[in-house]
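The structure appears right after this line, and notes come after that.
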Amino acid sequence: MCVEATPPPSARVTRRGVLAGAAALAGTLAAAGPAAAAAAGETLPASRPHGGSLVIRGGTLLDPATGEVTENAVVVIADGTVRAAGRPGDVTVPHGAEILDAHGRWILPGLVDAHIHLSTAAEARDAVRKGATSARSGSTSFYQDIAVRELARHSPALAPRLTAAGVFVTPDLGDTVLADPDLTPLARLKDGVRSAEALRRVVEVNLARGADVIKTRVNERAGLPEQDPLAQVYSHDQLAEIVAAARRRGKGVLCHSYSERGCHDAVTAGIRSLEHGAFVGERTLHEMRRRGTYFTPTLTAIAGLAESTNPVLAERGRAYLPVLKRAVLAAHELGVPLAAGTDSSGGTVRPIGREVELMRAAGLPALDAIRTATTGAARLLGLDRTAGRLARGFAGDAILVDGDPLADVSVLKQPVRVVRAGYAL
């Protein structure tokens with residue numbers, strides 16, 4: 001059975017309702033922005049600047065792009081944007097500016113979590129406080145990530161700058177068919193979301209609702225003991241259909257992958273980034289380098305499996321982690337672009353600094369490991385002129401850590417202070 005060949009849903013008709021529902025699930029009506037609040041009859045607070053003004057002074061500044069280290073640095077942030085950064089003699093501090101004393105600490109740009117699932121306002125706040133000032137969603141069940149993105153736009157201290165993926169393009173949508181009325185016809189498909197028409201429908205609904213990227217899968221999940229992560233659920237042709245539907249609207253695709261064949265099918269189908277990818281093979285890594293496909297290994301999530309109380313998951317984690325570390329190092333040595341992502345979900349937000357620590361443990365030099373959560377991840381998200389550095393014109397997002405991250409990247413797991421868009425948290 002196929003889905004009727006109806007045109008894509010209109011964002012104008014249903015966007016307010018979708019955002020209002022997502023905001024309620026996220027735990028705050030304000031998260032959906034002015035349209036949803038107006039639809040619910042709420043009065044919004046008066047508008048205010050979307051960024052704060054602050055001067056960070058006295059710490060050691062690391063620029064991940066160049067590796068340059070500046071002692072006793074000054075970073076001037078005005079209205080959420082870096083106006084100047086450098087040595088005291090080269091930077092003018094505005095009179096009466098609020099000062100954040102960073103003496104004895106290192107200053108880095110806010111980190112980027114390129115794979116995270118944020119479904120509530122509390123999770124969004126937690127991600128920021130753990131250092132992830134920018135992030136890319138790995139999908140949510142009811143468009144909560146789109147609401148979180150809007151929350152970040154008008155209240156940046158409450159959420160990371162978010163690239164939203166909407167709902168997962170997967171054979172079995174389950175209750176996600178209730179995320180939008182235009183998805184409900186898919187519930188009666190005997191074989192699930194597999195036909196070209198059905199795949200296009202989910203992509204089109206996502207994009208109509210405002211998704212920035214599309215998330216799909218080629219393999220089953222590693223985090224469910226009853227599933228086989230090496231079992232393939234979509235063919236190369238099905239993945240290509242998803243990629244083509246996204247590209248028609250100028251969007252990329254991230255793909256949950258584990259098996260060597262699955263990884264190769266996903267990459268050659270044209271995905272933008274390979275997620276997890278424990279058994280990615282050398283031929284696929286060469287193809288990724290040629291195409292510029294990113295690798296987001298989510299080492300943190302695989303390491304977490306090894307700590308599971310479930311014996312199947314624990315054994316899976318112990319078996320997969322060393323294989324994945326070798327794949328990460330091979331990717332780095334070949335020049336495949338890497339991005340850090342925790343795959344945090346289910347109410348537990350892991351610090352993105354842990355992923356940097358695992359990148360380092362996989363064999364990356366410290367600076368390159370830091371780049372996977374700064375300049376590298378920012379480039380993947382299309383934020384290479386916004387995030388990943390503390391330089392003029394970039395976002396006023398920063399973390400302060402106790403210790404030299406070039407000597408010990410584990411200090412990134414526990415930022416002493418976080419600055420989001422010029423607001424010190």
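Following the order of the structure tokens, chains are lettered A, B, ..., residues in each are numbered from 1, and ligands are numbered from 1.
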
Checklist entry - Skipping near chain neighbours, those fewer than 2 positions away, what residues fall within 9 Å of A:Ile352 using only C-alpha atoms, listed as a ChimeraX atom specification? => result /A:111-113,127,130-132,300,340-342,349-350,354-357,373,412-413

Checklist entry - Counting only C-alpha atoms, what is within 10 Å of A:Arg360, bar same-chain residues fewer than 2 positions away, as a PyMOL selection string? => result chain A and resi 325+329+354-358+362-370+408-410

Do you have, as CSV, the list of residues of stretch 225-332 of chain A lying at most 10 Å from stretch 179-199 of chain A, each with its nearest atom pair and that distance in Å to one decimal, counting only C-alpha atoms and ordered by chain then number?
```
residue,atom,partner,partner_atom,distance
A:Val233,CA,A:Arg194,CA,9.1
A:Tyr234,CA,A:Arg194,CA,7.6
A:Ser235,CA,A:Arg194,CA,9.5
A:Asp237,CA,A:Ala196,CA,9.1
A:Gln238,CA,A:Ala196,CA,6.9
A:Leu239,CA,A:Leu199,CA,9.0
A:Ala240,CA,A:Ala196,CA,9.8
A:Glu241,CA,A:Ala196,CA,6.5
A:Ile242,CA,A:Leu199,CA,6.2
A:Val243,CA,A:Leu199,CA,10.0
A:Ala245,CA,A:Leu199,CA,8.4
```

Selection file, N, CA and C atoms, as a PDB file, in the first residue's frame:
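The result, stored in selection-v2.pdb:
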```
ATOM      1  N   VAL A 233      18.009  -1.947   7.412  1.00  0.00           N
ATOM      2  CA  VAL A 233      16.572  -1.678   7.311  1.00  0.00           C
ATOM      3  C   VAL A 233      16.210  -0.898   6.050  1.00  0.00           C
ATOM      4  N   TYR A 234      17.169  -0.189   5.444  1.00  0.00           N
ATOM      5  CA  TYR A 234      16.928   0.520   4.190  1.00  0.00           C
ATOM      6  C   TYR A 234      18.013   0.151   3.186  1.00  0.00           C
ATOM      7  N   SER A 235      17.625   0.054   1.929  1.00  0.00           N
ATOM      8  CA  SER A 235      18.571  -0.243   0.856  1.00  0.00           C
ATOM      9  C   SER A 235      19.242   1.044   0.372  1.00  0.00           C
ATOM     10  N   ASP A 237      18.953   2.282  -2.577  1.00  0.00           N
ATOM     11  CA  ASP A 237      17.964   3.048  -3.342  1.00  0.00           C
ATOM     12  C   ASP A 237      17.017   3.819  -2.426  1.00  0.00           C
ATOM     13  N   GLN A 238      16.617   3.211  -1.315  1.00  0.00           N
ATOM     14  CA  GLN A 238      15.732   3.909  -0.384  1.00  0.00           C
ATOM     15  C   GLN A 238      16.440   5.099   0.266  1.00  0.00           C
ATOM     16  N   LEU A 239      17.693   4.899   0.633  1.00  0.00           N
ATOM     17  CA  LEU A 239      18.467   5.998   1.204  1.00  0.00           C
ATOM     18  C   LEU A 239      18.636   7.124   0.186  1.00  0.00           C
ATOM     19  N   ALA A 240      18.882   6.748  -1.075  1.00  0.00           N
ATOM     20  CA  ALA A 240      19.035   7.754  -2.121  1.00  0.00           C
ATOM     21  C   ALA A 240      17.749   8.553  -2.315  1.00  0.00           C
ATOM     22  N   GLU A 241      16.617   7.907  -2.130  1.00  0.00           N
ATOM     23  CA  GLU A 241      15.327   8.597  -2.240  1.00  0.00           C
ATOM     24  C   GLU A 241      15.194   9.647  -1.134  1.00  0.00           C
ATOM     25  N   ILE A 242      15.605   9.289   0.071  1.00  0.00           N
ATOM     26  CA  ILE A 242      15.558  10.227   1.192  1.00  0.00           C
ATOM     27  C   ILE A 242      16.494  11.413   0.933  1.00  0.00           C
ATOM     28  N   VAL A 243      17.709  11.107   0.498  1.00  0.00           N
ATOM     29  CA  VAL A 243      18.688  12.164   0.219  1.00  0.00           C
ATOM     30  C   VAL A 243      18.172  13.105  -0.867  1.00  0.00           C
ATOM     31  N   ALA A 245      15.065  13.742  -1.743  1.00  0.00           N
ATOM     32  CA  ALA A 245      13.949  14.555  -1.247  1.00  0.00           C
ATOM     33  C   ALA A 245      14.445  15.705  -0.381  1.00  0.00           C
TER      34      ALA A 245
END
```

Item to check | Backbone DSSP call of helix (DSSP H, G or I) for stretch 197-369 of chain A, listed as a ChimeraX atom specification | outcome: /A:197-208,236-247,260-269,282-291,299-306,311-334,352-361,366-369

Dump C-alpha atoms for the selected residues as an mmCIF file, in the first residue's frame?
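Okay, out.cif is ready:
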```
data_model
loop_
_atom_site.group_PDB
_atom_site.id
_atom_site.type_symbol
_atom_site.label_atom_id
_atom_site.label_comp_id
_atom_site.auth_asym_id
_atom_site.auth_seq_id
_atom_site.Cartn_x
_atom_site.Cartn_y
_atom_site.Cartn_z
ATOM 1 C CA GLU A 197 6.140 7.854 -1.697
ATOM 2 C CA ALA A 198 6.199 7.155 2.044
ATOM 3 C CA LEU A 199 9.842 8.148 2.406
ATOM 4 C CA ARG A 200 9.212 11.403 0.578
ATOM 5 C CA ARG A 201 6.168 12.080 2.726
ATOM 6 C CA VAL A 202 8.129 11.969 5.991
ATOM 7 C CA VAL A 203 10.890 14.158 4.551
ATOM 8 C CA GLU A 204 8.366 16.663 3.187
ATOM 9 C CA VAL A 205 6.445 16.883 6.451
ATOM 10 C CA ASN A 206 9.686 17.432 8.342
ATOM 11 C CA LEU A 207 10.790 20.215 6.023
ATOM 12 C CA ALA A 208 7.365 21.837 6.026
ATOM 13 C CA HIS A 236 20.887 2.036 -1.093
ATOM 14 C CA ASP A 237 17.964 3.048 -3.342
ATOM 15 C CA GLN A 238 15.732 3.909 -0.384
ATOM 16 C CA LEU A 239 18.467 5.998 1.204
ATOM 17 C CA ALA A 240 19.035 7.754 -2.121
ATOM 18 C CA GLU A 241 15.327 8.597 -2.240
ATOM 19 C CA ILE A 242 15.558 10.227 1.192
ATOM 20 C CA VAL A 243 18.688 12.164 0.219
ATOM 21 C CA ALA A 244 17.098 13.371 -3.030
ATOM 22 C CA ALA A 245 13.949 14.555 -1.247
ATOM 23 C CA ALA A 246 16.038 16.502 1.254
ATOM 24 C CA ARG A 247 18.334 17.981 -1.409
ATOM 25 C CA GLU A 260 30.202 -2.006 6.818
ATOM 26 C CA ARG A 261 27.709 -2.531 4.008
ATOM 27 C CA GLY A 262 25.193 -0.182 5.595
ATOM 28 C CA CYS A 263 27.812 2.543 6.007
ATOM 29 C CA HIS A 264 28.882 2.178 2.373
ATOM 30 C CA ASP A 265 25.310 2.281 1.090
ATOM 31 C CA ALA A 266 24.597 5.396 3.146
ATOM 32 C CA VAL A 267 27.717 7.256 2.021
ATOM 33 C CA THR A 268 27.309 6.398 -1.662
ATOM 34 C CA ALA A 269 23.628 7.405 -1.444
ATOM 35 C CA GLU A 282 38.433 1.420 4.545
ATOM 36 C CA ARG A 283 36.777 1.664 1.118
ATOM 37 C CA THR A 284 33.959 3.679 2.680
ATOM 38 C CA LEU A 285 36.366 5.974 4.528
ATOM 39 C CA HIS A 286 38.130 6.707 1.229
ATOM 40 C CA GLU A 287 34.742 7.465 -0.321
ATOM 41 C CA MET A 288 33.906 9.760 2.609
ATOM 42 C CA ARG A 289 37.133 11.676 2.138
ATOM 43 C CA ARG A 290 36.421 12.057 -1.578
ATOM 44 C CA ARG A 291 32.889 13.293 -0.976
ATOM 45 C CA LEU A 299 31.998 7.285 21.111
ATOM 46 C CA THR A 300 30.329 8.452 24.321
ATOM 47 C CA ALA A 301 27.175 6.508 23.562
ATOM 48 C CA ILE A 302 29.052 3.312 22.688
ATOM 49 C CA ALA A 303 31.182 3.623 25.827
ATOM 50 C CA GLY A 304 27.945 4.027 27.769
ATOM 51 C CA LEU A 305 26.675 0.689 26.474
ATOM 52 C CA ALA A 306 29.672 -1.023 28.038
ATOM 53 C CA PRO A 311 24.434 -8.088 29.707
ATOM 54 C CA VAL A 312 23.655 -7.946 25.975
ATOM 55 C CA LEU A 313 24.218 -4.200 25.808
ATOM 56 C CA ALA A 314 27.308 -4.339 28.021
ATOM 57 C CA GLU A 315 28.922 -6.974 25.818
ATOM 58 C CA ARG A 316 27.946 -5.041 22.705
ATOM 59 C CA GLY A 317 29.564 -1.887 24.074
ATOM 60 C CA ARG A 318 32.764 -3.694 25.063
ATOM 61 C CA ALA A 319 33.010 -5.270 21.599
ATOM 62 C CA TYR A 320 32.136 -2.154 19.585
ATOM 63 C CA LEU A 321 34.160 0.519 21.402
ATOM 64 C CA PRO A 322 37.689 -0.591 20.415
ATOM 65 C CA VAL A 323 36.538 -1.189 16.828
ATOM 66 C CA LEU A 324 35.029 2.275 16.684
ATOM 67 C CA LYS A 325 38.152 3.892 18.141
ATOM 68 C CA ARG A 326 40.229 2.279 15.412
ATOM 69 C CA ALA A 327 37.775 3.551 12.806
ATOM 70 C CA VAL A 328 38.017 7.072 14.214
ATOM 71 C CA LEU A 329 41.798 7.066 14.072
ATOM 72 C CA ALA A 330 41.776 5.638 10.537
ATOM 73 C CA ALA A 331 39.303 8.335 9.477
ATOM 74 C CA HIS A 332 41.459 11.057 10.989
ATOM 75 C CA GLU A 333 44.618 9.772 9.322
ATOM 76 C CA LEU A 334 42.846 9.656 5.942
ATOM 77 C CA ILE A 352 30.394 16.973 25.108
ATOM 78 C CA GLY A 353 33.830 17.176 26.721
ATOM 79 C CA ARG A 354 33.592 13.423 27.276
ATOM 80 C CA GLU A 355 33.428 12.895 23.514
ATOM 81 C CA VAL A 356 36.548 15.017 23.063
ATOM 82 C CA GLU A 357 38.257 12.896 25.726
ATOM 83 C CA LEU A 358 37.352 9.720 23.817
ATOM 84 C CA MET A 359 38.537 11.215 20.530
ATOM 85 C CA ARG A 360 41.868 11.839 22.239
ATOM 86 C CA ALA A 361 41.866 8.267 23.602
ATOM 87 C CA ALA A 366 44.718 17.000 21.649
ATOM 88 C CA LEU A 367 44.166 19.999 19.367
ATOM 89 C CA ASP A 368 42.548 17.856 16.664
ATOM 90 C CA ALA A 369 40.304 16.225 19.263
#
```

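Atom CA of A:Ala407 lies 26.1 Å from atom CA of A:Val55.
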
Checklist entry - Which one is closest to A:Asp175: A:Gly346, A:Gly277, A:Phe142, A:Pro160? Count only C-alpha atoms. => result A:Phe142

Checklist entry - Distance atom CA of A:Leu54-atom CA of A:Leu100, one decimal place? => result 7.1 Å

Next on the checklist: For the strand (DSSP E or B) assignment from backbone DSSP, which residues of stretch 305-352 of chain A qualify? Please present them as a PyMOL selection string.
Outcome noted: chain A and resi 338+344-345+348

Checklist entry - Can you tell me how far atom CA of A:Lys215 sits from atom CA of A:Thr163, in Å to one decimal? => result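 Result for atom CA of A:Lys215 versus atom CA of A:Thr163: 11.5 Å, one decimal.
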
Next on the checklist: Excluding stretch 379-382 of chain A and its own-chain neighbours fewer than 6 positions away, which residues fall within 12 Å of it when counting only C-alpha atoms? Please give them as a PyMOL selection string.
Outcome noted: chain A and resi 65+112-115+134-137+161-165+212-213+251-254+272-274+292-296+337-341+371-373+388-389

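Using only C-alpha atoms, the contacts of A:Gly59 at a cut-off of 10 Å, with sequence neighbours closer than 3 positions omitted, comprise Ile56, Leu62, Thr70, Glu71, Asn72, Ala73, Val74, Val75, Leu100, Asp101, Ala102, His103, Gly104, Arg105, Trp106, Ile107, Leu108, Leu400 and Val401 of chain A.
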
Could you take the residues named above and write them with C-alpha atoms, as a PDB file, in the first residue's frame?
```pdb
ATOM      1  CA  ILE A  56      36.130  37.952  29.698  1.00  0.00           C
ATOM      2  CA  LEU A  62      42.882  28.971  22.842  1.00  0.00           C
ATOM      3  CA  THR A  70      47.093  33.937  24.122  1.00  0.00           C
ATOM      4  CA  GLU A  71      47.929  34.483  27.771  1.00  0.00           C
ATOM      5  CA  ASN A  72      46.183  37.143  29.849  1.00  0.00           C
ATOM      6  CA  ALA A  73      43.632  37.464  27.054  1.00  0.00           C
ATOM      7  CA  VAL A  74      40.653  39.776  26.717  1.00  0.00           C
ATOM      8  CA  VAL A  75      37.426  38.820  24.917  1.00  0.00           C
ATOM      9  CA  LEU A 100      34.134  37.980  33.996  1.00  0.00           C
ATOM     10  CA  ASP A 101      37.459  37.280  35.678  1.00  0.00           C
ATOM     11  CA  ALA A 102      39.208  34.323  34.020  1.00  0.00           C
ATOM     12  CA  HIS A 103      42.599  34.541  35.716  1.00  0.00           C
ATOM     13  CA  GLY A 104      44.149  31.100  36.183  1.00  0.00           C
ATOM     14  CA  ARG A 105      41.746  29.510  33.720  1.00  0.00           C
ATOM     15  CA  TRP A 106      41.660  28.659  30.037  1.00  0.00           C
ATOM     16  CA  ILE A 107      39.120  30.230  27.701  1.00  0.00           C
ATOM     17  CA  LEU A 108      37.723  28.283  24.763  1.00  0.00           C
ATOM     18  CA  LEU A 400      36.190  28.508  31.098  1.00  0.00           C
ATOM     19  CA  VAL A 401      38.061  25.451  32.329  1.00  0.00           C
TER      20      VAL A 401
END
```
